[in-house]
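Participant: File follows, model37.cif with mmCIF, C-alpha atoms:
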data_final
#
loop_
_atom_site.group_PDB
_atom_site.id
_atom_site.type_symbol
_atom_site.label_atom_id
_atom_site.label_comp_id
_atom_site.auth_asym_id
_atom_site.auth_seq_id
_atom_site.Cartn_x
_atom_site.Cartn_y
_atom_site.Cartn_z
ATOM 1 C CA MET A 1 0.000 0.000 0.000
ATOM 2 C CA ARG A 2 2.997 2.289 0.241
ATOM 3 C CA PRO A 3 2.461 4.940 -2.408
ATOM 4 C CA ASP A 4 6.051 5.384 -3.381
ATOM 5 C CA GLN A 5 9.452 5.443 -1.824
ATOM 6 C CA PRO A 6 10.201 8.467 0.306
ATOM 7 C CA THR A 7 12.513 10.165 -2.074
ATOM 8 C CA ASP A 8 12.249 13.880 -1.537
ATOM 9 C CA THR A 9 12.150 16.392 1.265
ATOM 10 C CA GLY A 10 8.482 17.161 0.530
ATOM 11 C CA GLY A 11 7.661 14.149 2.648
ATOM 12 C CA ASN A 12 5.181 11.386 2.148
ATOM 13 C CA ILE A 13 2.214 10.546 4.285
ATOM 14 C CA ARG A 14 0.954 7.192 5.416
ATOM 15 C CA CYS A 15 -2.577 5.840 4.958
ATOM 16 C CA ALA A 16 -3.448 6.799 8.530
ATOM 17 C CA GLU A 17 -2.564 10.447 7.834
ATOM 18 C CA ALA A 18 -4.306 10.482 4.457
ATOM 19 C CA ILE A 19 -7.508 9.228 6.063
ATOM 20 C CA GLU A 20 -7.439 12.122 8.508
ATOM 21 C CA LEU A 21 -7.367 14.586 5.600
ATOM 22 C CA VAL A 22 -10.355 13.191 3.702
ATOM 23 C CA THR A 23 -12.956 15.564 5.144
ATOM 24 C CA LEU A 24 -10.809 18.613 4.461
ATOM 25 C CA HIS A 25 -10.129 17.304 0.972
ATOM 26 C CA LEU A 26 -13.839 16.845 0.216
ATOM 27 C CA ASP A 27 -14.507 20.391 1.452
ATOM 28 C CA ASP A 28 -11.682 21.626 -0.767
ATOM 29 C CA ALA A 29 -10.112 23.069 2.370
ATOM 30 C CA LEU A 30 -6.599 21.605 2.258
ATOM 31 C CA ASP A 31 -3.700 24.001 1.869
ATOM 32 C CA ASN A 32 -1.484 23.472 -1.156
ATOM 33 C CA ARG A 33 1.127 21.395 0.590
ATOM 34 C CA ASP A 34 -1.347 19.024 2.238
ATOM 35 C CA ARG A 35 -3.355 18.741 -0.934
ATOM 36 C CA ARG A 36 -0.254 17.717 -2.840
ATOM 37 C CA LEU A 37 0.688 15.165 -0.182
ATOM 38 C CA PHE A 38 -2.848 13.827 -0.004
ATOM 39 C CA GLU A 39 -3.326 13.502 -3.748
ATOM 40 C CA ARG A 40 0.077 11.961 -4.266
ATOM 41 C CA HIS A 41 -0.637 9.356 -1.624
ATOM 42 C CA VAL A 42 -4.182 8.510 -2.694
ATOM 43 C CA ASP A 43 -3.346 8.374 -6.398
ATOM 44 C CA ALA A 44 -0.861 5.612 -5.658
ATOM 45 C CA CYS A 45 -2.727 3.802 -2.879
ATOM 46 C CA THR A 46 -5.510 1.306 -3.618
ATOM 47 C CA GLY A 47 -6.628 1.164 0.014
ATOM 48 C CA CYS A 48 -7.043 4.933 0.363
ATOM 49 C CA THR A 49 -8.637 5.276 -3.082
ATOM 50 C CA ARG A 50 -11.284 2.793 -1.982
ATOM 51 C CA TYR A 51 -11.644 4.452 1.398
ATOM 52 C CA VAL A 52 -12.278 7.870 -0.176
ATOM 53 C CA ALA A 53 -14.871 6.259 -2.473
ATOM 54 C CA GLN A 54 -16.550 4.700 0.583
ATOM 55 C CA ILE A 55 -16.666 8.021 2.409
ATOM 56 C CA ARG A 56 -18.317 9.541 -0.678
ATOM 57 C CA GLN A 57 -20.812 6.671 -0.727
ATOM 58 C CA THR A 58 -21.416 7.167 2.991
ATOM 59 C CA ILE A 59 -22.224 10.833 2.392
ATOM 60 C CA ASP A 60 -24.555 10.010 -0.512
ATOM 61 C CA LEU A 61 -26.396 7.373 1.497
ATOM 62 C CA THR A 62 -26.601 9.617 4.577
ATOM 63 C CA ARG A 63 -28.294 12.260 2.444
ATOM 64 C CA ARG A 64 -30.970 9.703 1.591
ATOM 65 C CA VAL A 65 -31.754 9.113 5.254
ATOM 66 C CA LEU A 66 -33.766 12.345 5.211
ATOM 67 C CA GLU A 67 -36.378 11.180 2.689
ATOM 68 C CA HIS A 68 -36.223 7.675 4.156
ATOM 69 C CA THR A 69 -37.097 8.687 7.707
ATOM 70 C CA SER A 70 -38.702 12.099 7.456
ATOM 71 C CA VAL A 71 -42.209 12.861 8.429
ATOM 72 C CA ALA A 72 -44.683 13.624 5.695
ATOM 73 C CA ARG A 73 -45.007 17.080 4.253
ATOM 74 C CA GLN A 74 -45.981 19.600 6.869
ATOM 75 C CA PRO A 75 -49.591 20.726 6.973
ATOM 76 C CA GLN A 76 -50.225 24.435 7.186
ATOM 77 C CA ASN A 77 -49.792 25.585 10.752
ATOM 78 C CA ASN A 78 -52.830 27.849 11.207
ATOM 79 C CA GLU A 79 -51.984 28.772 14.752
ATOM 80 C CA LEU A 80 -48.590 30.143 13.746
ATOM 81 C CA ARG A 81 -50.012 31.872 10.709
ATOM 82 C CA ALA A 82 -52.571 33.671 12.894
ATOM 83 C CA ALA A 83 -49.873 34.652 15.394
ATOM 84 C CA PHE A 84 -47.727 35.972 12.554
ATOM 85 C CA VAL A 85 -50.534 38.040 11.053
ATOM 86 C CA ALA A 86 -51.488 39.485 14.458
ATOM 87 C CA ARG A 87 -47.900 40.396 15.248
ATOM 88 C CA ARG A 88 -47.314 42.134 11.902
ATOM 89 C CA ARG A 89 -50.495 44.169 12.389
ATOM 90 C CA ARG A 90 -49.001 45.498 15.604
ATOM 91 C CA SER A 91 -45.809 46.466 13.787
ATOM 92 C CA VAL A 92 -47.383 48.584 11.052
ATOM 93 C CA MET B 1 -37.471 36.617 2.617
ATOM 94 C CA VAL B 2 -36.761 38.802 5.652
ATOM 95 C CA ALA B 3 -38.315 41.794 3.924
ATOM 96 C CA ALA B 4 -41.348 39.707 2.965
ATOM 97 C CA LEU B 5 -41.782 38.608 6.572
ATOM 98 C CA ARG B 6 -41.442 42.120 7.886
ATOM 99 C CA GLY B 7 -43.946 43.181 5.264
ATOM 100 C CA GLY B 8 -46.426 40.739 6.763
ATOM 101 C CA GLU B 9 -46.633 38.286 3.844
ATOM 102 C CA ALA B 10 -48.294 35.360 5.600
ATOM 103 C CA ASP B 11 -47.929 32.954 2.646
ATOM 104 C CA ARG B 12 -44.165 33.405 2.658
ATOM 105 C CA PHE B 13 -44.148 32.803 6.386
ATOM 106 C CA ASP B 14 -46.127 29.588 5.834
ATOM 107 C CA ASP B 15 -43.616 28.472 3.215
ATOM 108 C CA LEU B 16 -40.740 29.059 5.617
ATOM 109 C CA VAL B 17 -42.461 27.173 8.430
ATOM 110 C CA ARG B 18 -43.160 24.244 6.135
ATOM 111 C CA GLU B 19 -39.644 24.211 4.766
ATOM 112 C CA LEU B 20 -37.766 24.365 8.063
ATOM 113 C CA THR B 21 -40.039 22.590 10.535
ATOM 114 C CA PRO B 22 -39.005 18.993 9.637
ATOM 115 C CA GLY B 23 -35.305 19.755 10.087
ATOM 116 C CA LEU B 24 -35.890 21.770 13.253
ATOM 117 C CA THR B 25 -37.913 18.877 14.644
ATOM 118 C CA ARG B 26 -35.156 16.381 13.861
ATOM 119 C CA MET B 27 -32.692 18.632 15.647
ATOM 120 C CA ALA B 28 -34.949 19.089 18.684
ATOM 121 C CA ARG B 29 -35.391 15.324 18.979
ATOM 122 C CA MET B 30 -31.692 14.958 19.670
ATOM 123 C CA TYR B 31 -32.380 16.586 23.016
ATOM 124 C CA VAL B 32 -35.969 15.860 23.990
ATOM 125 C CA SER B 33 -38.613 13.318 23.153
ATOM 126 C CA GLY B 34 -41.183 13.571 20.375
ATOM 127 C CA ALA B 35 -44.075 15.638 21.738
ATOM 128 C CA LEU B 36 -41.776 17.988 23.599
ATOM 129 C CA ALA B 37 -39.712 18.454 20.444
ATOM 130 C CA GLY B 38 -42.843 19.597 18.620
ATOM 131 C CA ASP B 39 -43.533 22.123 21.386
ATOM 132 C CA VAL B 40 -40.028 23.523 21.224
ATOM 133 C CA VAL B 41 -40.282 23.963 17.468
ATOM 134 C CA GLN B 42 -43.603 25.768 17.896
ATOM 135 C CA ASP B 43 -42.027 28.012 20.576
ATOM 136 C CA THR B 44 -39.155 28.698 18.213
ATOM 137 C CA TRP B 45 -41.523 29.965 15.542
ATOM 138 C CA VAL B 46 -43.316 32.146 18.045
ATOM 139 C CA ALA B 47 -39.936 33.617 18.993
ATOM 140 C CA VAL B 48 -39.135 34.173 15.307
ATOM 141 C CA ILE B 49 -42.441 36.022 14.845
ATOM 142 C CA GLU B 50 -41.633 38.237 17.809
ATOM 143 C CA ALA B 51 -38.005 38.903 16.925
ATOM 144 C CA ILE B 52 -37.989 39.186 13.141
ATOM 145 C CA ASP B 53 -37.700 42.978 13.372
ATOM 146 C CA THR B 54 -34.513 42.622 15.401
ATOM 147 C CA PHE B 55 -32.853 40.128 13.040
ATOM 148 C CA GLU B 56 -29.690 41.872 11.920
ATOM 149 C CA GLY B 57 -28.759 39.729 8.968
ATOM 150 C CA ARG B 58 -25.316 38.906 10.269
ATOM 151 C CA SER B 59 -26.133 35.271 9.667
ATOM 152 C CA SER B 60 -28.619 33.736 7.297
ATOM 153 C CA LEU B 61 -32.245 33.628 8.383
ATOM 154 C CA LYS B 62 -32.079 29.832 8.486
ATOM 155 C CA THR B 63 -29.060 29.647 10.795
ATOM 156 C CA TRP B 64 -30.560 32.358 13.007
ATOM 157 C CA ILE B 65 -33.728 30.275 13.440
ATOM 158 C CA TYR B 66 -31.677 27.166 14.240
ATOM 159 C CA ARG B 67 -29.760 29.102 16.873
ATOM 160 C CA ILE B 68 -33.027 30.115 18.505
ATOM 161 C CA LEU B 69 -34.166 26.496 18.505
ATOM 162 C CA LEU B 70 -30.888 25.165 19.909
ATOM 163 C CA ASN B 71 -30.879 27.789 22.622
ATOM 164 C CA LYS B 72 -34.377 26.779 23.674
ATOM 165 C CA VAL B 73 -33.971 23.039 23.420
ATOM 166 C CA ARG B 74 -30.611 22.934 25.206
ATOM 167 C CA THR B 75 -32.019 24.993 28.056
ATOM 168 C CA LEU B 76 -34.997 22.693 28.238
ATOM 169 C CA ALA B 77 -32.871 19.567 28.125
ATOM 170 C CA THR B 78 -30.728 20.859 30.970
ATOM 171 C CA ARG B 79 -33.802 21.586 32.998
ATOM 172 C CA GLU B 80 -35.164 18.139 32.231
ATOM 173 C CA ALA B 81 -31.830 16.733 33.436
ATOM 174 C CA ARG B 82 -31.317 15.038 30.139
ATOM 175 C CA ALA B 83 -28.464 17.286 29.255
ATOM 176 C CA VAL B 84 -25.876 16.093 26.829
ATOM 177 C CA PRO B 85 -22.383 17.542 27.077
ATOM 178 C CA VAL B 86 -22.585 19.691 24.007
ATOM 179 C CA ALA B 87 -19.244 21.384 24.410
ATOM 180 C CA SER B 88 -17.297 18.162 24.204
ATOM 181 C CA LEU B 89 -16.185 17.083 20.812
ATOM 182 C CA GLY B 90 -16.999 13.522 21.679
ATOM 183 C CA PRO B 91 -14.564 10.668 21.975
ATOM 184 C CA ASP B 92 -12.335 10.036 19.040
ATOM 185 C CA HIS B 93 -13.410 6.489 18.741
ATOM 186 C CA ASP B 94 -16.169 4.807 16.881
ATOM 187 C CA PRO B 95 -19.004 3.879 19.227
ATOM 188 C CA THR B 96 -20.847 1.921 16.582
ATOM 189 C CA GLY B 97 -18.342 -0.381 15.033
ATOM 190 C CA PRO B 98 -14.852 -1.735 15.000
ATOM 191 C CA ARG B 99 -11.892 0.592 14.909
ATOM 192 C CA LEU B 100 -9.788 0.702 11.841
ATOM 193 C CA GLU B 101 -6.548 -1.036 12.628
ATOM 194 C CA LEU B 102 -4.067 0.141 10.094
ATOM 195 C CA VAL B 103 -1.071 -2.106 10.498
ATOM 196 C CA HIS B 104 0.574 -3.618 7.467
ATOM 197 C CA ASP B 105 2.636 -6.788 7.869
ATOM 198 C CA GLU B 106 5.745 -5.302 6.335
ATOM 199 C CA LEU B 107 5.191 -1.557 6.219
ATOM 200 C CA GLY B 108 4.119 -1.416 9.853
ATOM 201 C CA PRO B 109 1.594 0.864 11.565
ATOM 202 C CA GLY B 110 -0.244 3.515 9.576
ATOM 203 C CA TYR B 111 -0.772 1.461 6.408
ATOM 204 C CA TRP B 112 -3.745 -0.657 5.347
ATOM 205 C CA PRO B 113 -3.051 -4.326 6.094
ATOM 206 C CA ALA B 114 -5.082 -4.971 2.937
ATOM 207 C CA PRO B 115 -7.178 -2.507 0.944
ATOM 208 C CA PRO B 116 -10.799 -2.312 2.141
ATOM 209 C CA GLU B 117 -13.037 -4.297 -0.143
ATOM 210 C CA PRO B 118 -15.123 -2.049 -2.429
ATOM 211 C CA TRP B 119 -18.739 -2.043 -1.287
ATOM 212 C CA GLU B 120 -19.942 -2.722 -4.819
ATOM 213 C CA THR B 121 -18.310 -6.137 -4.674
ATOM 214 C CA LEU B 122 -18.747 -6.738 -0.928
ATOM 215 C CA ALA B 123 -22.543 -6.610 -0.972
ATOM 216 C CA PRO B 124 -23.835 -5.011 -4.174
ATOM 217 C CA GLU B 125 -27.428 -6.095 -3.586
ATOM 218 C CA ARG B 126 -27.551 -4.663 -0.065
ATOM 219 C CA LEU B 127 -26.054 -1.265 -0.678
ATOM 220 C CA GLU B 128 -29.238 0.366 -1.926
ATOM 221 C CA ARG B 129 -31.661 -1.394 0.384
ATOM 222 C CA ASN B 130 -33.820 0.281 3.005
ATOM 223 C CA GLU B 131 -32.193 -1.746 5.760
ATOM 224 C CA THR B 132 -28.895 -0.112 4.870
ATOM 225 C CA LEU B 133 -30.472 3.317 5.297
ATOM 226 C CA ASP B 134 -31.938 2.123 8.613
ATOM 227 C CA ARG B 135 -28.459 1.091 9.686
ATOM 228 C CA ILE B 136 -27.120 4.544 8.807
ATOM 229 C CA ALA B 137 -29.924 6.223 10.756
ATOM 230 C CA GLU B 138 -29.006 4.062 13.767
ATOM 231 C CA ALA B 139 -25.333 4.886 13.404
ATOM 232 C CA ILE B 140 -26.183 8.611 13.354
ATOM 233 C CA GLU B 141 -28.291 8.241 16.496
ATOM 234 C CA ALA B 142 -25.427 6.472 18.252
ATOM 235 C CA LEU B 143 -23.036 9.376 17.661
ATOM 236 C CA PRO B 144 -22.150 11.782 20.472
ATOM 237 C CA THR B 145 -24.559 14.733 20.234
ATOM 238 C CA ALA B 146 -21.973 17.229 19.013
ATOM 239 C CA GLN B 147 -21.024 14.952 16.107
ATOM 240 C CA ARG B 148 -24.626 14.098 15.430
ATOM 241 C CA GLU B 149 -25.625 17.757 15.102
ATOM 242 C CA VAL B 150 -22.946 18.396 12.521
ATOM 243 C CA VAL B 151 -23.683 15.208 10.552
ATOM 244 C CA GLU B 152 -27.381 16.093 10.620
ATOM 245 C CA LEU B 153 -26.853 19.543 9.134
ATOM 246 C CA ARG B 154 -23.985 18.779 6.748
ATOM 247 C CA ASP B 155 -24.812 15.323 5.421
ATOM 248 C CA VAL B 156 -28.480 14.639 6.167
ATOM 249 C CA GLN B 157 -29.750 18.133 5.346
ATOM 250 C CA GLY B 158 -26.943 19.097 2.984
ATOM 251 C CA TRP B 159 -25.911 22.405 4.570
ATOM 252 C CA SER B 160 -22.645 24.213 3.844
ATOM 253 C CA ALA B 161 -19.745 24.115 6.306
ATOM 254 C CA SER B 162 -20.115 27.793 7.209
ATOM 255 C CA ASP B 163 -23.898 27.678 7.774
ATOM 256 C CA THR B 164 -23.441 24.618 9.957
ATOM 257 C CA ALA B 165 -20.733 26.182 12.104
ATOM 258 C CA ASP B 166 -22.819 29.350 12.353
ATOM 259 C CA ALA B 167 -26.036 27.597 13.397
ATOM 260 C CA LEU B 168 -24.255 25.480 15.991
ATOM 261 C CA GLY B 169 -22.112 28.326 17.295
ATOM 262 C CA ILE B 170 -18.854 26.438 16.776
ATOM 263 C CA THR B 171 -15.705 27.200 14.809
ATOM 264 C CA ASP B 172 -15.124 25.928 11.283
ATOM 265 C CA VAL B 173 -12.313 23.768 12.603
ATOM 266 C CA ASN B 174 -14.491 22.145 15.258
ATOM 267 C CA GLN B 175 -17.237 21.667 12.723
ATOM 268 C CA ARG B 176 -14.856 19.759 10.490
ATOM 269 C CA VAL B 177 -13.378 17.632 13.280
ATOM 270 C CA LEU B 178 -16.860 16.612 14.401
ATOM 271 C CA LEU B 179 -17.985 15.887 10.853
ATOM 272 C CA HIS B 180 -14.870 13.846 10.206
ATOM 273 C CA ARG B 181 -15.373 11.678 13.290
ATOM 274 C CA GLY B 182 -19.047 11.255 12.579
ATOM 275 C CA ARG B 183 -18.531 10.213 8.962
ATOM 276 C CA LYS B 184 -15.811 7.800 9.967
ATOM 277 C CA ALA B 185 -18.087 6.136 12.511
ATOM 278 C CA ILE B 186 -20.956 5.868 10.016
ATOM 279 C CA ARG B 187 -18.655 4.492 7.339
ATOM 280 C CA ASN B 188 -17.342 1.853 9.746
ATOM 281 C CA ALA B 189 -20.862 0.885 10.829
ATOM 282 C CA LEU B 190 -21.865 0.616 7.187
ATOM 283 C CA GLU B 191 -18.917 -1.580 6.353
ATOM 284 C CA GLU B 192 -19.695 -3.853 9.279
ATOM 285 C CA HIS B 193 -23.309 -4.067 8.127
ATOM 286 C CA LEU B 194 -22.354 -4.910 4.549
ATOM 287 C CA ARG B 195 -19.736 -7.399 5.668
ATOM 288 C CA ALA B 196 -22.315 -9.238 7.753
ATOM 289 C CA SER B 197 -24.219 -10.275 4.642
#
Output the file's structure as C-alpha cells, nothing else.

Facilitator:
Amino acid sequence: MRPDQPTDTGGNIRCAEAIELVTLHLDDALDNRDRRLFERHVDACTGCTRYVAQIRQTIDLTRRVLEHTSVARQPQNNELRAAFVARRRRSV
Amino acid sequence: MVAALRGGEADRFDDLVRELTPGLTRMARMYVSGALAGDVVQDTWVAVIEAIDTFEGRSSLKTWIYRILLNKVRTLATREARAVPVASLGPDHDPTGPRLELVHDELGPGYWPAPPEPWETLAPERLERNETLDRIAEAIEALPTAQREVVELRDVQGWSASDTADALGITDVNQRVLLHRGRKAIRNALEEHLRAS
C-alpha cells in the first residue's frame, strides 16, 4: 500500500494520515502542501482510493436518510399563521 | 425573505415554516422526546415572529432560526436533566463499530493491512436497500450529540460548512473535526453491516 518510496524532502504521508485529511479534501479546504501530499498518496494507494470512495458513498447514502425517515409534508400551521398576522399588524 | 416577513406576507411565512419545521424537529429530537420536540419547534416559531424585526442579517435567516431552537432546546434539556455535554467534541473512537486497525505486515503501523473491499463487490445487492439506510440512521443516532448535530446539518440536510458552524455556534475547525469523526463512525458501521451479509 505504500504509495512510493520516500525520495524527496516534501515528505510522504501514510494511509493513517491520508484518512485524517479526507474531510478537508472533500470540502476543498486543504492548503497546497497538504493537498499535494494527499493527492500523491491517494493516487498511488488502492486502500485509500477505496476508502475515499466509501466516504463519498457514505455521504450520498446519509443524504438519503432524510427522505427515508422524514415525516410527511408539513400541513399548514394555522396557529402560527394567525400569530404571525397578528404580530405584523401590531408592527405597522 | 426577511423583507417579505417584515412586510407581513403570511404565505411566505407559511412556506418558511413548512420548509424548516421537519429539520428543526429532527434537531430538537436529539435533546428531547417527540411531543416535547414539537412544542419547542412551535415556541421557536413564536420567537421568530416576535423577533424578526430585530434580526440583523449577520447570519442567514435559516441559521438564526436554528440558533433560537438550539438555545431553547438545550435549556430545556438541561432543565429536564437530560443534558448532553454539548461542548465536548466527543470521543475520538467509533461507538458503533470496530476501529480501523491500520497495520501492514511489512510496512508497519499507519498502512492498510489490505485494501478495504469495495462495497460494490462486498454486498452489491444490499447497498441500496432500506435496511442499509436504517443502519445509517441508527449509526447517526449512536453518535455523540456534538457529532450528530454536525452530521445532521452537513450530510443529512446538505448544509454548507459555514452555515453549519454558524447555526451550531462552533468554529469551522471544530465543525470539520466533528464531521470527520461522525462520517468515519458511520462508514465503519456501514462496512460492518455490509460485511455481515

Participant: Where does the PyMOL selection byres ((chain B) within 8 of (chain A)) land in this file, that is, which residues does it pick, as an MDAnalysis selection string?

Facilitator: chainID B and resid 6:8 10 13:14 17:18 21:22 42 45:46 49:50 102 107 110:112 114:119 130 133:134 136:137 155:158 176 179:180 183:184 186:187 190

Participant: Using all atoms listed in the file for the distances, tell me which of B:Glu19, B:Thr63, B:Ala51, B:Ala146 is nearest to B:Ser160.

Facilitator: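 Looking at the shortest contact to B:Ser160, the residue is B:Thr63.
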
Participant: So how many Å separate atom CA of B:Asn188 and atom CA of B:Val151, to one decimal?

Facilitator: 14.8 Å

Participant: Would you mind reading off the distance between atom CA of B:Leu61 and atom CA of B:Ala167, one decimal, in Å?

Facilitator: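 Atom CA of B:Ala167 lies 10.0 Å from atom CA of B:Leu61.
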
Participant: Hey, can you pull every residue with an atom no more than 10 Å from (-0.7, 13.9, -1.2), using all atoms listed in the file, and send it as JSON, numbers by chain?

Facilitator: {"A": [3, 10, 11, 12, 13, 14, 17, 18, 21, 32, 33, 34, 35, 36, 37, 38, 39, 40, 41, 42, 43, 44]}

Participant: Interatomic distance between atom CA of B:Arg148 and atom CA of B:Gly38?

Facilitator: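 Interatomic distance, atom CA of B:Arg148 to atom CA of B:Gly38: 19.3 Å.
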
Participant: Taking all atoms of stretch 18-31 of chain A that the file lists and extending 6 Å past them on each side, where is the centre of the axis-aligned box and how long are its edges? Answer in Å to one decimal, as AutoDock Vina command-line options.

Facilitator:
--center_x -9.1 --center_y 16.6 --center_z 3.9 --size_x 22.8 --size_y 26.8 --size_z 21.3

Participant: Return the single residue from B:Leu24, B:Ile140, B:Val103, B:Ala35 that is closest to B:Lys72, with distances computed using all atoms listed in the file.

Facilitator: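 Using all atoms listed in the file, the shortest distance to B:Lys72 belongs to B:Leu24.
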
Participant: Have a look at B:Met1, B:Leu194, B:Ala123, B:Ile68 and name the one nearest to B:Asp166; count all atoms listed in the file.

Facilitator: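 Comparing B:Met1, B:Leu194, B:Ala123, B:Ile68 against B:Asp166, the winner is B:Ile68.
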